[in-house]
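> data08.cif (mmCIF, C-alpha atoms) pasted underneath:
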```
data_protein
loop_
_atom_site.label_atom_id
_atom_site.label_comp_id
_atom_site.auth_asym_id
_atom_site.auth_seq_id
_atom_site.Cartn_x
_atom_site.Cartn_y
_atom_site.Cartn_z
CA MET A 3 0.25 -15.00 7.96
CA LEU A 4 0.31 -16.49 4.50
CA TYR A 5 2.98 -15.35 2.09
CA MET A 6 1.66 -12.92 -0.48
CA VAL A 7 3.58 -11.65 -3.48
CA CYS A 8 3.86 -7.93 -4.04
CA THR A 9 1.20 -7.88 -6.76
CA GLU A 10 -1.31 -9.31 -4.32
CA TRP A 11 -0.42 -6.68 -1.70
CA ILE A 12 -0.83 -3.99 -4.37
CA ARG A 13 -4.19 -5.44 -5.40
CA LEU A 14 -5.36 -5.38 -1.77
CA ILE A 15 -4.15 -1.80 -1.25
CA LYS A 16 -5.89 -0.69 -4.45
CA CYS A 17 -9.14 -2.36 -3.41
CA ILE A 18 -9.10 -0.76 0.05
CA TYR A 19 -8.26 2.62 -1.48
CA GLN A 20 -11.18 2.37 -3.92
CA ASN A 21 -13.52 1.40 -1.07
CA GLU A 22 -12.34 4.41 0.92
CA GLN A 23 -12.90 6.73 -2.05
CA ASN A 24 -16.39 5.31 -2.63
CA ARG A 25 -17.31 5.81 1.02
CA MET A 26 -16.01 9.39 1.04
CA ASN A 27 -17.85 10.19 -2.21
CA ALA A 28 -21.03 8.86 -0.58
CA GLY A 29 -20.48 11.20 2.36
CA LYS A 30 -19.46 8.41 4.72
CA LYS A 31 -16.39 8.06 6.90
CA VAL A 32 -13.54 5.65 6.20
CA THR A 33 -13.85 2.63 8.46
CA VAL A 34 -11.31 1.82 11.15
CA ARG A 35 -11.08 -1.67 9.68
CA ASP A 36 -10.09 -0.32 6.26
CA GLU A 37 -7.47 1.96 7.82
CA LYS A 38 -6.07 -0.96 9.83
CA TYR A 39 -5.80 -3.31 6.86
CA MET A 40 -4.41 -0.57 4.61
CA LYS A 41 -1.57 0.02 7.08
CA LEU A 42 -0.92 -3.72 7.40
CA ALA A 43 -0.85 -4.20 3.63
CA GLU A 44 1.39 -1.17 3.06
CA ASN A 45 3.74 -2.33 5.80
CA ALA A 46 4.00 -5.80 4.27
CA LEU A 47 4.49 -4.45 0.74
CA TYR A 48 7.15 -1.95 1.78
CA GLY A 49 8.89 -4.66 3.77
CA GLU A 50 9.07 -6.99 0.78
CA LEU A 51 10.14 -4.23 -1.58
CA GLY A 52 12.72 -3.02 0.94
CA ILE A 53 14.28 -6.47 1.04
CA ALA A 54 14.34 -6.68 -2.76
CA LEU A 55 15.82 -3.20 -3.10
CA GLY A 56 18.21 -3.55 -0.19
CA ILE A 57 16.83 -0.53 1.65
CA PRO A 58 14.88 -0.12 4.92
CA LYS A 59 11.11 -0.34 4.45
CA ASN A 60 10.63 3.17 5.81
CA GLN A 61 12.58 4.48 2.78
CA VAL A 62 10.70 2.52 0.11
CA LEU A 63 7.98 5.09 -0.59
CA ASP A 64 10.53 7.91 -0.95
CA TYR A 65 12.61 5.69 -3.25
CA ILE A 66 9.57 4.98 -5.45
CA PHE A 67 8.68 8.67 -5.76
CA LYS A 68 12.32 9.56 -6.47
CA GLU A 69 12.59 6.97 -9.22
CA LYS A 70 9.22 7.94 -10.68
CA SER A 71 10.28 11.58 -10.88
CA LYS A 72 13.21 10.55 -13.07
CA GLY A 73 10.66 9.79 -15.79
CA TYR A 74 11.24 6.10 -16.42
#
```
Could you quickly redo this structure as structure tokens?


Amino acid sequence: MLYMVCTEWIRLIKCIYQNEQNRMNAGKKVTVRDEKYMKLAENALYGELGIALGIPKNQVLDYIFKEKSKGY
């Protein structure tokens, strides 16, 4: 897999999320492909952020929400 910087992972996640929202608003189901690639992109992003933050990737999302709630 090619190396992607975090901003590219975020861009991909945002694009997939918007596609999912558009499909749901049109009364359609989210595709299995979108779910698969969303999980892969999130896993890669959390892995990279975990390394940068020095925490396990399964704690990254909680860390982000915790820091966001501090009001920075």

> Could you spell out the hits of the PyMOL selection byres ((chain A and resi 60) around 12) on the shown file, as a list in words?

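Selected by the PyMOL selection byres ((chain A and resi 60) around 12) in this file: Glu44, Asn45, Ala46, Leu47, Tyr48, Gly49, Glu50, Leu51, Gly52, Ile53, Gly56, Ile57, Pro58, Lys59, Gln61, Val62, Leu63, Asp64, Tyr65 and Ile66 of chain A.
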
> To test your reading of the syntax: which residues would the PyMOL selection byres ((chain A and resi 39) around 12) return for the file shown? Reply as a list in words.

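Matching residues under the PyMOL selection byres ((chain A and resi 39) around 12) are Trp11, Leu14, Ile15, Lys16, Cys17, Ile18, Tyr19, Glu22, Val32, Thr33, Val34, Arg35, Asp36, Glu37, Lys38, Met40, Lys41, Leu42, Ala43, Glu44, Asn45 and Ala46 of chain A.
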
> If you measure from CA of Arg13 in chain A to CA of Gly29 in chain A, what distance in Å do you get, rounded to one decimal?

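Rounded to one decimal, the two atoms are 24.5 Å apart.
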
> Go ahead and compute the interatomic distance for CA of Glu69 in chain A and CA of Leu55 in chain A, in Å to one decimal.

12.3 Å

> Measure the distance from CA of Glu10 in chain A to CA of Phe67 in chain A in Å and round it to one decimal.

20.6 Å
